[in-house]
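upload_5.tsv, holding TSV, C-alpha atoms:
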chain	number	residue	atom	x	y	z
G	1035	MET	CA	-60.24	1.35	-99.85
G	1036	ILE	CA	-58.22	3.75	-97.73
G	1037	GLU	CA	-60.09	5.59	-94.98
G	1038	PRO	CA	-59.21	7.86	-92.07
G	1039	ASP	CA	-58.56	5.68	-89.04
G	1040	PHE	CA	-61.06	6.82	-86.41
G	1041	ASN	CA	-59.97	4.04	-84.08
G	1042	LYS	CA	-57.06	6.26	-83.06
G	1043	GLY	CA	-57.21	9.26	-80.76
G	1044	GLU	CA	-60.41	8.08	-79.10
G	1045	GLY	CA	-62.31	8.57	-82.34
G	1046	LEU	CA	-61.08	12.13	-82.94
G	1047	LEU	CA	-58.55	12.97	-85.63
G	1048	PRO	CA	-56.77	16.32	-85.94
G	1049	VAL	CA	-57.61	18.20	-89.13
G	1050	VAL	CA	-55.33	20.89	-90.56
G	1051	VAL	CA	-57.20	23.52	-92.56
G	1052	GLN	CA	-55.28	25.37	-95.24
G	1053	ASP	CA	-56.36	28.10	-97.64
G	1054	HIS	CA	-56.45	26.39	-101.03
G	1055	ALA	CA	-55.24	29.46	-102.89
G	1056	SER	CA	-52.66	31.11	-100.63
G	1057	GLY	CA	-51.44	28.01	-98.77
G	1058	GLU	CA	-51.88	29.81	-95.44
G	1059	VAL	CA	-52.65	27.45	-92.56
G	1060	LEU	CA	-55.93	28.73	-91.15
G	1061	MET	CA	-56.72	26.52	-88.16
G	1062	LEU	CA	-56.64	23.09	-86.60
G	1063	ALA	CA	-59.77	21.28	-85.47
G	1064	PHE	CA	-60.95	17.71	-84.87
G	1065	MET	CA	-63.27	15.34	-86.67
G	1066	ASN	CA	-65.01	12.20	-85.59
G	1067	ARG	CA	-66.56	9.87	-88.17
G	1068	GLU	CA	-69.85	11.77	-88.10
G	1069	ALA	CA	-68.10	15.08	-88.86
G	1070	TRP	CA	-66.11	13.40	-91.64
G	1071	LEU	CA	-69.21	11.98	-93.30
G	1072	SER	CA	-71.01	15.30	-92.94
G	1073	THR	CA	-68.08	17.12	-94.56
G	1074	LEU	CA	-68.15	14.70	-97.49
G	1075	ALA	CA	-71.91	14.99	-97.86
G	1076	THR	CA	-72.07	18.80	-97.74
G	1077	GLY	CA	-68.70	19.90	-99.08
G	1078	LYS	CA	-68.47	22.23	-96.06
G	1079	ALA	CA	-65.88	21.70	-93.33
G	1080	THR	CA	-67.63	20.18	-90.33
G	1081	PHE	CA	-65.81	19.33	-87.13
G	1082	TRP	CA	-66.44	17.87	-83.72
G	1083	SER	CA	-66.43	20.55	-81.04
G	1084	ARG	CA	-64.61	19.14	-78.03
G	1085	THR	CA	-65.85	22.06	-75.92
G	1086	ARG	CA	-69.51	21.74	-76.84
G	1087	GLN	CA	-69.35	17.98	-77.50
G	1088	SER	CA	-71.39	18.39	-80.66
G	1089	LEU	CA	-71.10	18.50	-84.41
G	1090	TRP	CA	-69.83	21.89	-85.55
G	1091	LEU	CA	-70.46	23.23	-89.01
G	1092	LYS	CA	-67.65	25.76	-89.26
G	1093	GLY	CA	-69.11	29.20	-89.98
G	1094	GLU	CA	-72.61	28.29	-88.85
G	1095	THR	CA	-72.77	31.42	-86.66
G	1096	SER	CA	-70.37	33.77	-88.42
G	1097	GLY	CA	-71.24	32.79	-91.98
G	1098	ASN	CA	-67.54	32.12	-92.56
G	1099	VAL	CA	-68.09	28.68	-94.01
G	1100	GLN	CA	-65.18	26.68	-95.46
G	1101	LEU	CA	-65.84	25.15	-98.87
G	1102	VAL	CA	-63.71	22.04	-99.22
G	1103	ARG	CA	-61.60	22.02	-102.38
G	1104	GLU	CA	-59.27	19.14	-101.62
G	1105	ILE	CA	-58.79	16.51	-98.91
G	1106	ARG	CA	-55.50	14.86	-98.02
G	1107	LEU	CA	-54.73	12.02	-95.64
G	1108	ASP	CA	-51.38	11.49	-93.96
G	1109	CYS	CA	-49.16	8.41	-93.97
G	1110	ASP	CA	-50.60	7.01	-90.74
G	1111	ALA	CA	-54.20	7.74	-91.80
G	1112	ASP	CA	-54.74	9.59	-88.54
G	1113	THR	CA	-54.55	13.22	-89.66
G	1114	LEU	CA	-56.50	15.03	-92.37
G	1115	LEU	CA	-55.61	18.13	-94.35
G	1116	LEU	CA	-58.41	20.17	-95.88
G	1117	LYS	CA	-57.69	22.74	-98.55
G	1118	VAL	CA	-60.59	25.14	-98.44
G	1119	GLU	CA	-62.07	28.29	-99.83
G	1120	GLN	CA	-62.62	30.42	-96.74
G	1121	LEU	CA	-65.79	32.45	-97.12
G	1122	GLY	CA	-65.76	35.85	-95.38
G	1123	GLY	CA	-61.97	35.92	-95.53
G	1124	ALA	CA	-61.40	34.90	-91.91
G	1125	ALA	CA	-61.25	31.53	-90.17
G	1126	CYS	CA	-60.65	32.68	-86.61
G	1127	HIS	CA	-63.34	33.65	-84.12
G	1128	THR	CA	-61.09	36.57	-83.10
G	1129	GLY	CA	-61.57	38.06	-86.56
G	1130	HIS	CA	-58.11	37.17	-87.82
G	1131	ARG	CA	-57.70	35.47	-91.16
G	1132	SER	CA	-55.80	32.58	-89.58
G	1133	CYS	CA	-55.96	31.30	-86.01
G	1134	PHE	CA	-52.14	31.32	-86.10
G	1135	TYR	CA	-51.87	35.10	-85.89
G	1136	ARG	CA	-49.23	35.14	-83.13
G	1137	ARG	CA	-45.56	34.75	-83.95
G	1138	PHE	CA	-42.76	33.77	-81.60
G	1139	ALA	CA	-40.15	36.51	-81.23
G	1140	ASP	CA	-37.66	37.17	-78.44
G	1141	GLY	CA	-39.19	34.70	-76.03
G	1142	ASP	CA	-42.81	35.79	-76.45
G	1143	PHE	CA	-45.65	35.56	-78.95
G	1144	VAL	CA	-46.66	38.78	-80.70
G	1145	THR	CA	-49.65	39.43	-82.93
G	1146	VAL	CA	-48.76	39.69	-86.60
G	1147	GLY	CA	-51.85	38.43	-88.44
G	1148	GLU	CA	-54.36	40.80	-89.93
G	1149	ARG	CA	-57.85	41.19	-88.49
G	1150	VAL	CA	-60.58	40.92	-91.10
G	1151	PHE	CA	-63.63	41.51	-88.91
G	1152	ASP	CA	-64.53	42.67	-85.42
G	1153	PRO	CA	-65.97	39.74	-83.44
G	1154	LYS	CA	-68.48	42.08	-81.77
G	1155	ASP	CA	-70.11	42.65	-85.15
G	1156	VAL	CA	-70.35	38.96	-85.96
G	1157	TYR	CA	-71.16	37.09	-82.76
G	1158	ARG	CA	-74.11	38.82	-81.10
W	711	MET	CA	-45.97	36.48	-71.53
W	712	ILE	CA	-47.92	34.23	-73.88
W	713	GLU	CA	-47.01	30.55	-73.85
W	714	PRO	CA	-48.35	27.35	-75.37
W	715	ASP	CA	-50.87	25.88	-72.92
W	716	PHE	CA	-49.56	22.42	-72.07
W	717	ASN	CA	-52.32	21.93	-69.52
W	718	LYS	CA	-54.60	20.97	-72.38
W	719	GLY	CA	-54.60	17.66	-74.26
W	720	GLU	CA	-52.96	15.83	-71.37
W	721	GLY	CA	-49.78	17.82	-71.88
W	722	LEU	CA	-49.52	17.15	-75.62
W	723	LEU	CA	-50.25	19.83	-78.20
W	724	PRO	CA	-50.64	19.19	-81.93
W	725	VAL	CA	-47.97	20.85	-84.08
W	726	VAL	CA	-48.50	21.58	-87.76
W	727	VAL	CA	-45.27	21.62	-89.75
W	728	GLN	CA	-45.18	23.67	-92.92
W	729	ASP	CA	-42.41	24.23	-95.46
W	730	HIS	CA	-41.36	27.85	-94.90
W	731	ALA	CA	-40.68	28.46	-98.58
W	732	SER	CA	-43.38	26.56	-100.49
W	733	GLY	CA	-46.12	26.66	-97.85
W	734	GLU	CA	-46.70	22.93	-98.27
W	735	VAL	CA	-47.99	21.26	-95.11
W	736	LEU	CA	-45.46	18.54	-94.37
W	737	MET	CA	-46.73	16.70	-91.30
W	738	LEU	CA	-48.48	16.87	-87.96
W	739	ALA	CA	-46.85	15.78	-84.72
W	740	PHE	CA	-47.16	16.45	-81.00
W	741	MET	CA	-45.08	18.33	-78.46
W	742	ASN	CA	-44.99	18.24	-74.71
W	743	ARG	CA	-43.23	20.98	-72.77
W	744	GLU	CA	-39.91	19.15	-72.93
W	745	ALA	CA	-40.09	18.89	-76.74
W	746	TRP	CA	-41.07	22.57	-76.95
W	747	LEU	CA	-38.11	23.70	-74.85
W	748	SER	CA	-35.76	21.43	-76.79
W	749	THR	CA	-37.02	22.89	-80.08
W	750	LEU	CA	-36.38	26.42	-78.80
W	751	ALA	CA	-32.93	25.52	-77.51
W	752	THR	CA	-31.74	23.71	-80.64
W	753	GLY	CA	-33.71	25.38	-83.45
W	754	LYS	CA	-34.55	21.88	-84.70
W	755	ALA	CA	-38.09	20.51	-84.61
W	756	THR	CA	-38.37	18.11	-81.71
W	757	PHE	CA	-41.56	16.27	-80.87
W	758	TRP	CA	-42.93	13.78	-78.40
W	759	SER	CA	-43.34	10.36	-79.95
W	760	ARG	CA	-46.63	8.91	-78.70
W	761	THR	CA	-45.64	5.50	-80.05
W	762	ARG	CA	-42.22	5.34	-78.43
W	763	GLN	CA	-43.15	7.58	-75.47
W	764	SER	CA	-39.92	9.50	-75.81
W	765	LEU	CA	-38.48	12.75	-77.10
W	766	TRP	CA	-38.09	12.63	-80.88
W	767	LEU	CA	-35.64	14.84	-82.70
W	768	LYS	CA	-37.18	14.77	-86.16
W	769	GLY	CA	-34.61	13.50	-88.67
W	770	GLU	CA	-32.41	11.88	-86.04
W	771	THR	CA	-32.31	8.62	-88.02
W	772	SER	CA	-32.88	9.82	-91.58
W	773	GLY	CA	-30.88	13.03	-91.36
W	774	ASN	CA	-33.96	14.90	-92.56
W	775	VAL	CA	-33.86	17.45	-89.79
W	776	GLN	CA	-36.29	20.40	-89.77
W	777	LEU	CA	-34.68	23.78	-89.13
W	778	VAL	CA	-37.25	26.04	-87.50
W	779	ARG	CA	-37.65	29.36	-89.30
W	780	GLU	CA	-40.82	30.62	-87.64
W	781	ILE	CA	-43.18	29.58	-84.85
W	782	ARG	CA	-46.86	30.50	-84.64
W	783	LEU	CA	-49.39	29.91	-81.87
W	784	ASP	CA	-53.13	29.68	-82.42
W	785	CYS	CA	-55.91	31.67	-80.77
W	786	ASP	CA	-56.51	29.07	-78.03
W	787	ALA	CA	-52.77	28.63	-77.38
W	788	ASP	CA	-53.20	24.88	-77.81
W	789	THR	CA	-51.81	24.34	-81.29
W	790	LEU	CA	-48.44	25.30	-82.75
W	791	LEU	CA	-47.41	25.93	-86.33
W	792	LEU	CA	-43.76	25.53	-87.29
W	793	LYS	CA	-42.45	26.92	-90.54
W	794	VAL	CA	-39.34	24.94	-91.31
W	795	GLU	CA	-36.54	24.34	-93.73
W	796	GLN	CA	-36.82	20.63	-94.44
W	797	LEU	CA	-33.34	19.15	-94.89
W	798	GLY	CA	-33.16	16.23	-97.31
W	799	GLY	CA	-36.29	17.43	-99.09
W	800	ALA	CA	-38.66	14.94	-97.46
W	801	ALA	CA	-40.53	14.94	-94.16
W	802	CYS	CA	-42.28	11.58	-94.41
W	803	HIS	CA	-40.81	8.25	-93.35
W	804	THR	CA	-42.30	6.78	-96.56
W	805	GLY	CA	-39.93	8.96	-98.59
W	806	HIS	CA	-42.59	11.42	-99.69
W	807	ARG	CA	-41.96	15.13	-99.36
W	808	SER	CA	-45.12	15.57	-97.27
W	809	CYS	CA	-46.93	13.03	-95.11
W	810	PHE	CA	-50.11	14.22	-96.82
W	811	TYR	CA	-49.34	12.48	-100.12
W	812	ARG	CA	-52.79	10.89	-100.53
W	813	ARG	CA	-55.66	12.84	-102.02
W	814	PHE	CA	-59.35	12.06	-101.76
W	815	ALA	CA	-60.93	11.32	-105.14
W	816	ASP	CA	-64.07	9.38	-106.01
W	817	GLY	CA	-64.54	7.95	-102.55
W	818	ASP	CA	-60.97	6.76	-102.03
W	819	PHE	CA	-57.54	8.18	-101.29
W	820	VAL	CA	-54.97	7.99	-104.08
W	821	THR	CA	-51.26	8.74	-103.95
W	822	VAL	CA	-50.32	12.03	-105.59
W	823	GLY	CA	-47.27	13.25	-103.67
W	824	GLU	CA	-43.79	12.76	-105.01
W	825	ARG	CA	-41.34	10.35	-103.42
W	826	VAL	CA	-37.95	11.89	-102.73
W	827	PHE	CA	-36.14	8.89	-101.27
W	828	ASP	CA	-36.56	5.15	-100.90
W	829	PRO	CA	-37.06	4.30	-97.20
W	830	LYS	CA	-34.98	1.12	-97.63
W	831	ASP	CA	-31.94	3.27	-98.36
W	832	VAL	CA	-32.47	5.49	-95.33
W	833	TYR	CA	-33.74	3.31	-92.49
W	834	ARG	CA	-31.44	0.28	-92.24

In structure tokens, what does this structure look like?
Amino acid sequence: MIEPDFNKGEGLLPVVVQDHASGEVLMLAFMNREAWLSTLATGKATFWSRTRQSLWLKGETSGNVQLVREIRLDCDADTLLLKVEQLGGAACHTGHRSCFYRRFADGDFVTVGERVFDPKDVYR
Amino acid sequence: MIEPDFNKGEGLLPVVVQDHASGEVLMLAFMNREAWLSTLATGKATFWSRTRQSLWLKGETSGNVQLVREIRLDCDADTLLLKVEQLGGAACHTGHRSCFYRRFADGDFVTVGERVFDPKDVYR
């Protein structure tokens, strides 16, 4: 049986999250084995928060949960790709649809992504 | 000016590589500042190989260079997204178009991605 290799990266694997319908890359986060098993059990993207050092059900606070539609593993078994249905229309805590809302142009990054919600209304 | 924050992750940031036309996620690799500057200077995706501990011009051996069409930075400035034109039609050293050629189904990962070349013909 093929499994993600949590022996690499000190037990944390990067996880690319992509909108299953549009193909837009929404965010990157990390999973340890516990987060992986929780994601499988619940069908909701669950990560390991490196900042808080705790399990992180994505959308727990904002309601913007990610329903997992497909899971891919890369050739080295050390990176995961989740194709998700993004509830609430936005993955980013800034209110943008994707965390990658800044585009490189003329030596700087400029905001191009659309904002779906105002963080002040969501995180109180 | 906004810049990728190479002070995080011990100087290595994860980089998601996506096909600029199809939206398919091709691979994940890492960049240090040197790889970032080289990518900007050449327009070709250049990473830091953690295995070889050296700069890695993607496609140097196989010819499957990635021409950078767009660069995005995430909200925390610690992850990059490259939208590329993948020369040779395949990003993965296994000959698959994407490194994420294995899909989770019934408790295991099964190969679903198409193989574009035979590695034996490319890496001699």

Checklist line | Contact residues around region 790-804 of chain W with only C-alpha atoms at 8 Å, ignoring same-chain residues under 2 positions, as number ranges by chain | finding: G: 1109, 1134; W: 714, 723-731, 736-737, 773-784, 787-788, 806-809, 825-829

Item checked: Residue among W:Ala755, W:Val820, W:Leu767, W:Val832 lying closest to chain G, counting all atoms listed in the file ->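 Between W:Ala755, W:Val820, W:Leu767, W:Val832, the residue approaching chain G most closely is W:Val820.
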
Give me the least-squares superposed chain G (reference chain W; all C-alpha atoms paired in order) as a PDB file with C-alpha atoms, keeping the file's coordinate frame.
ATOM      1  CA  MET G1035     -45.975  36.485 -71.527  1.00  0.00           C
ATOM      2  CA  ILE G1036     -47.919  34.232 -73.867  1.00  0.00           C
ATOM      3  CA  GLU G1037     -46.996  30.545 -73.849  1.00  0.00           C
ATOM      4  CA  PRO G1038     -48.355  27.340 -75.359  1.00  0.00           C
ATOM      5  CA  ASP G1039     -50.872  25.879 -72.932  1.00  0.00           C
ATOM      6  CA  PHE G1040     -49.566  22.412 -72.074  1.00  0.00           C
ATOM      7  CA  ASN G1041     -52.325  21.936 -69.524  1.00  0.00           C
ATOM      8  CA  LYS G1042     -54.597  20.960 -72.409  1.00  0.00           C
ATOM      9  CA  GLY G1043     -54.600  17.661 -74.262  1.00  0.00           C
ATOM     10  CA  GLU G1044     -52.951  15.816 -71.387  1.00  0.00           C
ATOM     11  CA  GLY G1045     -49.774  17.818 -71.881  1.00  0.00           C
ATOM     12  CA  LEU G1046     -49.516  17.159 -75.629  1.00  0.00           C
ATOM     13  CA  LEU G1047     -50.243  19.834 -78.208  1.00  0.00           C
ATOM     14  CA  PRO G1048     -50.641  19.179 -81.936  1.00  0.00           C
ATOM     15  CA  VAL G1049     -47.980  20.850 -84.068  1.00  0.00           C
ATOM     16  CA  VAL G1050     -48.506  21.581 -87.765  1.00  0.00           C
ATOM     17  CA  VAL G1051     -45.271  21.612 -89.753  1.00  0.00           C
ATOM     18  CA  GLN G1052     -45.189  23.666 -92.925  1.00  0.00           C
ATOM     19  CA  ASP G1053     -42.422  24.227 -95.456  1.00  0.00           C
ATOM     20  CA  HIS G1054     -41.360  27.832 -94.906  1.00  0.00           C
ATOM     21  CA  ALA G1055     -40.677  28.454 -98.579  1.00  0.00           C
ATOM     22  CA  SER G1056     -43.378  26.568-100.486  1.00  0.00           C
ATOM     23  CA  GLY G1057     -46.136  26.668 -97.851  1.00  0.00           C
ATOM     24  CA  GLU G1058     -46.694  22.921 -98.263  1.00  0.00           C
ATOM     25  CA  VAL G1059     -47.991  21.251 -95.103  1.00  0.00           C
ATOM     26  CA  LEU G1060     -45.446  18.538 -94.364  1.00  0.00           C
ATOM     27  CA  MET G1061     -46.730  16.703 -91.293  1.00  0.00           C
ATOM     28  CA  LEU G1062     -48.484  16.869 -87.961  1.00  0.00           C
ATOM     29  CA  ALA G1063     -46.847  15.768 -84.727  1.00  0.00           C
ATOM     30  CA  PHE G1064     -47.150  16.446 -80.993  1.00  0.00           C
ATOM     31  CA  MET G1065     -45.082  18.324 -78.456  1.00  0.00           C
ATOM     32  CA  ASN G1066     -44.994  18.244 -74.709  1.00  0.00           C
ATOM     33  CA  ARG G1067     -43.227  20.997 -72.763  1.00  0.00           C
ATOM     34  CA  GLU G1068     -39.906  19.158 -72.925  1.00  0.00           C
ATOM     35  CA  ALA G1069     -40.093  18.896 -76.732  1.00  0.00           C
ATOM     36  CA  TRP G1070     -41.058  22.574 -76.948  1.00  0.00           C
ATOM     37  CA  LEU G1071     -38.111  23.697 -74.842  1.00  0.00           C
ATOM     38  CA  SER G1072     -35.768  21.436 -76.788  1.00  0.00           C
ATOM     39  CA  THR G1073     -37.017  22.893 -80.080  1.00  0.00           C
ATOM     40  CA  LEU G1074     -36.382  26.416 -78.803  1.00  0.00           C
ATOM     41  CA  ALA G1075     -32.938  25.509 -77.508  1.00  0.00           C
ATOM     42  CA  THR G1076     -31.741  23.721 -80.658  1.00  0.00           C
ATOM     43  CA  GLY G1077     -33.698  25.377 -83.450  1.00  0.00           C
ATOM     44  CA  LYS G1078     -34.535  21.863 -84.694  1.00  0.00           C
ATOM     45  CA  ALA G1079     -38.087  20.516 -84.611  1.00  0.00           C
ATOM     46  CA  THR G1080     -38.358  18.095 -81.706  1.00  0.00           C
ATOM     47  CA  PHE G1081     -41.555  16.259 -80.881  1.00  0.00           C
ATOM     48  CA  TRP G1082     -42.940  13.790 -78.402  1.00  0.00           C
ATOM     49  CA  SER G1083     -43.339  10.351 -79.945  1.00  0.00           C
ATOM     50  CA  ARG G1084     -46.616   8.918 -78.694  1.00  0.00           C
ATOM     51  CA  THR G1085     -45.633   5.498 -80.054  1.00  0.00           C
ATOM     52  CA  ARG G1086     -42.212   5.352 -78.435  1.00  0.00           C
ATOM     53  CA  GLN G1087     -43.158   7.579 -75.479  1.00  0.00           C
ATOM     54  CA  SER G1088     -39.920   9.506 -75.821  1.00  0.00           C
ATOM     55  CA  LEU G1089     -38.492  12.747 -77.092  1.00  0.00           C
ATOM     56  CA  TRP G1090     -38.081  12.634 -80.864  1.00  0.00           C
ATOM     57  CA  LEU G1091     -35.638  14.829 -82.702  1.00  0.00           C
ATOM     58  CA  LYS G1092     -37.178  14.776 -86.164  1.00  0.00           C
ATOM     59  CA  GLY G1093     -34.616  13.485 -88.664  1.00  0.00           C
ATOM     60  CA  GLU G1094     -32.401  11.888 -86.037  1.00  0.00           C
ATOM     61  CA  THR G1095     -32.310   8.625 -88.027  1.00  0.00           C
ATOM     62  CA  SER G1096     -32.892   9.819 -91.579  1.00  0.00           C
ATOM     63  CA  GLY G1097     -30.880  13.027 -91.358  1.00  0.00           C
ATOM     64  CA  ASN G1098     -33.967  14.892 -92.569  1.00  0.00           C
ATOM     65  CA  VAL G1099     -33.870  17.449 -89.796  1.00  0.00           C
ATOM     66  CA  GLN G1100     -36.294  20.398 -89.769  1.00  0.00           C
ATOM     67  CA  LEU G1101     -34.686  23.776 -89.128  1.00  0.00           C
ATOM     68  CA  VAL G1102     -37.253  26.035 -87.503  1.00  0.00           C
ATOM     69  CA  ARG G1103     -37.668  29.359 -89.295  1.00  0.00           C
ATOM     70  CA  GLU G1104     -40.824  30.630 -87.643  1.00  0.00           C
ATOM     71  CA  ILE G1105     -43.188  29.586 -84.848  1.00  0.00           C
ATOM     72  CA  ARG G1106     -46.857  30.497 -84.630  1.00  0.00           C
ATOM     73  CA  LEU G1107     -49.384  29.910 -81.875  1.00  0.00           C
ATOM     74  CA  ASP G1108     -53.123  29.682 -82.419  1.00  0.00           C
ATOM     75  CA  CYS G1109     -55.906  31.663 -80.763  1.00  0.00           C
ATOM     76  CA  ASP G1110     -56.506  29.086 -78.032  1.00  0.00           C
ATOM     77  CA  ALA G1111     -52.768  28.625 -77.375  1.00  0.00           C
ATOM     78  CA  ASP G1112     -53.196  24.887 -77.805  1.00  0.00           C
ATOM     79  CA  THR G1113     -51.805  24.338 -81.303  1.00  0.00           C
ATOM     80  CA  LEU G1114     -48.432  25.305 -82.754  1.00  0.00           C
ATOM     81  CA  LEU G1115     -47.415  25.923 -86.347  1.00  0.00           C
ATOM     82  CA  LEU G1116     -43.768  25.535 -87.291  1.00  0.00           C
ATOM     83  CA  LYS G1117     -42.459  26.921 -90.550  1.00  0.00           C
ATOM     84  CA  VAL G1118     -39.341  24.947 -91.299  1.00  0.00           C
ATOM     85  CA  GLU G1119     -36.553  24.347 -93.730  1.00  0.00           C
ATOM     86  CA  GLN G1120     -36.816  20.631 -94.443  1.00  0.00           C
ATOM     87  CA  LEU G1121     -33.361  19.156 -94.895  1.00  0.00           C
ATOM     88  CA  GLY G1122     -33.155  16.217 -97.325  1.00  0.00           C
ATOM     89  CA  GLY G1123     -36.291  17.422 -99.087  1.00  0.00           C
ATOM     90  CA  ALA G1124     -38.659  14.935 -97.451  1.00  0.00           C
ATOM     91  CA  ALA G1125     -40.534  14.942 -94.151  1.00  0.00           C
ATOM     92  CA  CYS G1126     -42.267  11.582 -94.398  1.00  0.00           C
ATOM     93  CA  HIS G1127     -40.787   8.252 -93.351  1.00  0.00           C
ATOM     94  CA  THR G1128     -42.293   6.782 -96.545  1.00  0.00           C
ATOM     95  CA  GLY G1129     -39.934   8.957 -98.577  1.00  0.00           C
ATOM     96  CA  HIS G1130     -42.583  11.427 -99.685  1.00  0.00           C
ATOM     97  CA  ARG G1131     -41.966  15.131 -99.349  1.00  0.00           C
ATOM     98  CA  SER G1132     -45.118  15.579 -97.270  1.00  0.00           C
ATOM     99  CA  CYS G1133     -46.920  13.033 -95.106  1.00  0.00           C
ATOM    100  CA  PHE G1134     -50.122  14.218 -96.822  1.00  0.00           C
ATOM    101  CA  TYR G1135     -49.339  12.492-100.110  1.00  0.00           C
ATOM    102  CA  ARG G1136     -52.780  10.888-100.527  1.00  0.00           C
ATOM    103  CA  ARG G1137     -55.655  12.829-102.032  1.00  0.00           C
ATOM    104  CA  PHE G1138     -59.351  12.061-101.763  1.00  0.00           C
ATOM    105  CA  ALA G1139     -60.931  11.329-105.143  1.00  0.00           C
ATOM    106  CA  ASP G1140     -64.077   9.390-106.016  1.00  0.00           C
ATOM    107  CA  GLY G1141     -64.554   7.946-102.561  1.00  0.00           C
ATOM    108  CA  ASP G1142     -60.974   6.778-102.024  1.00  0.00           C
ATOM    109  CA  PHE G1143     -57.532   8.183-101.283  1.00  0.00           C
ATOM    110  CA  VAL G1144     -54.965   7.998-104.082  1.00  0.00           C
ATOM    111  CA  THR G1145     -51.257   8.750-103.952  1.00  0.00           C
ATOM    112  CA  VAL G1146     -50.330  12.033-105.592  1.00  0.00           C
ATOM    113  CA  GLY G1147     -47.265  13.244-103.678  1.00  0.00           C
ATOM    114  CA  GLU G1148     -43.786  12.764-105.020  1.00  0.00           C
ATOM    115  CA  ARG G1149     -41.336  10.346-103.421  1.00  0.00           C
ATOM    116  CA  VAL G1150     -37.951  11.894-102.725  1.00  0.00           C
ATOM    117  CA  PHE G1151     -36.145   8.878-101.280  1.00  0.00           C
ATOM    118  CA  ASP G1152     -36.569   5.135-100.898  1.00  0.00           C
ATOM    119  CA  PRO G1153     -37.069   4.283 -97.210  1.00  0.00           C
ATOM    120  CA  LYS G1154     -34.982   1.117 -97.642  1.00  0.00           C
ATOM    121  CA  ASP G1155     -31.949   3.283 -98.361  1.00  0.00           C
ATOM    122  CA  VAL G1156     -32.469   5.491 -95.331  1.00  0.00           C
ATOM    123  CA  TYR G1157     -33.729   3.325 -92.483  1.00  0.00           C
ATOM    124  CA  ARG G1158     -31.442   0.301 -92.203  1.00  0.00           C
TER     125      ARG G1158
END

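Distance check against chain W using all atoms listed in the file: of G:Lys1154, G:Phe1081, G:Gly1045, G:Thr1145, the minimum falls on G:Thr1145.
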
Check: For chain W, which of G:Trp1090, G:Trp1070, G:Tyr1135, G:Trp1082 is the closest residue, counting all atoms listed in the file?
Finding: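 Comparing G:Trp1090, G:Trp1070, G:Tyr1135, G:Trp1082 against chain W, the winner is G:Tyr1135.
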
Next item on the list: Please identify all polymer residues within 10 Å of Ala1069 (chain G), counting only C-alpha atoms, omitting same-chain residues fewer than 2 positions from it, and present them as a ChimeraX atom specification.
Entry: /G:1046,1064-1067,1071-1075,1079-1083,1088-1091

Next item on the list: Take CA of Gly769 (chain W) and CA of Arg813 (chain W) and report the distance between them in Å, one decimal.
Entry: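 About the pair CA of Gly769 (chain W) and CA of Arg813 (chain W): they are 24.9 Å apart.
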
Next item on the list: Grab the CA of Arg812 (chain W) to CA of Lys754 (chain W) distance for me, in Å with one decimal place.
Entry: 26.5 Å

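Take CA of Arg762 (chain W) and CA of Glu824 (chain W): the distance between them is 27.6 Å.
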
When you get a chance, write out N, CA and C atoms for region 742-753 of chain W, as an mmCIF file, in the coordinates of the input.
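So the final result, stored in rebuild_0.cif, reads:
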data_model
loop_
_atom_site.group_PDB
_atom_site.id
_atom_site.type_symbol
_atom_site.label_atom_id
_atom_site.label_comp_id
_atom_site.auth_asym_id
_atom_site.auth_seq_id
_atom_site.Cartn_x
_atom_site.Cartn_y
_atom_site.Cartn_z
ATOM 1 N N ASN W 742 -44.762 17.923 -76.116
ATOM 2 C CA ASN W 742 -44.990 18.240 -74.710
ATOM 3 C C ASN W 742 -44.044 19.404 -74.356
ATOM 4 N N ARG W 743 -44.048 19.821 -73.133
ATOM 5 C CA ARG W 743 -43.230 20.980 -72.770
ATOM 6 C C ARG W 743 -41.737 20.727 -73.012
ATOM 7 N N GLU W 744 -41.327 19.511 -72.740
ATOM 8 C CA GLU W 744 -39.910 19.150 -72.930
ATOM 9 C C GLU W 744 -39.513 19.289 -74.408
ATOM 10 N N ALA W 745 -40.371 18.806 -75.296
ATOM 11 C CA ALA W 745 -40.090 18.890 -76.740
ATOM 12 C C ALA W 745 -40.079 20.352 -77.186
ATOM 13 N N TRP W 746 -40.987 21.146 -76.631
ATOM 14 C CA TRP W 746 -41.070 22.570 -76.950
ATOM 15 C C TRP W 746 -39.774 23.279 -76.548
ATOM 16 N N LEU W 747 -39.325 23.035 -75.336
ATOM 17 C CA LEU W 747 -38.110 23.700 -74.850
ATOM 18 C C LEU W 747 -36.891 23.236 -75.635
ATOM 19 N N SER W 748 -36.870 21.962 -76.005
ATOM 20 C CA SER W 748 -35.760 21.430 -76.790
ATOM 21 C C SER W 748 -35.739 22.059 -78.189
ATOM 22 N N THR W 749 -36.922 22.246 -78.766
ATOM 23 C CA THR W 749 -37.020 22.890 -80.080
ATOM 24 C C THR W 749 -36.485 24.318 -80.011
ATOM 25 N N LEU W 750 -36.862 25.035 -78.961
ATOM 26 C CA LEU W 750 -36.380 26.420 -78.800
ATOM 27 C C LEU W 750 -34.873 26.458 -78.603
ATOM 28 N N ALA W 751 -34.365 25.511 -77.829
ATOM 29 C CA ALA W 751 -32.930 25.520 -77.510
ATOM 30 C C ALA W 751 -32.068 25.150 -78.706
ATOM 31 N N THR W 752 -32.562 24.234 -79.545
ATOM 32 C CA THR W 752 -31.740 23.710 -80.640
ATOM 33 C C THR W 752 -32.054 24.329 -81.989
ATOM 34 N N GLY W 753 -33.283 24.884 -82.143
ATOM 35 C CA GLY W 753 -33.710 25.380 -83.450
ATOM 36 C C GLY W 753 -34.101 24.266 -84.401
#
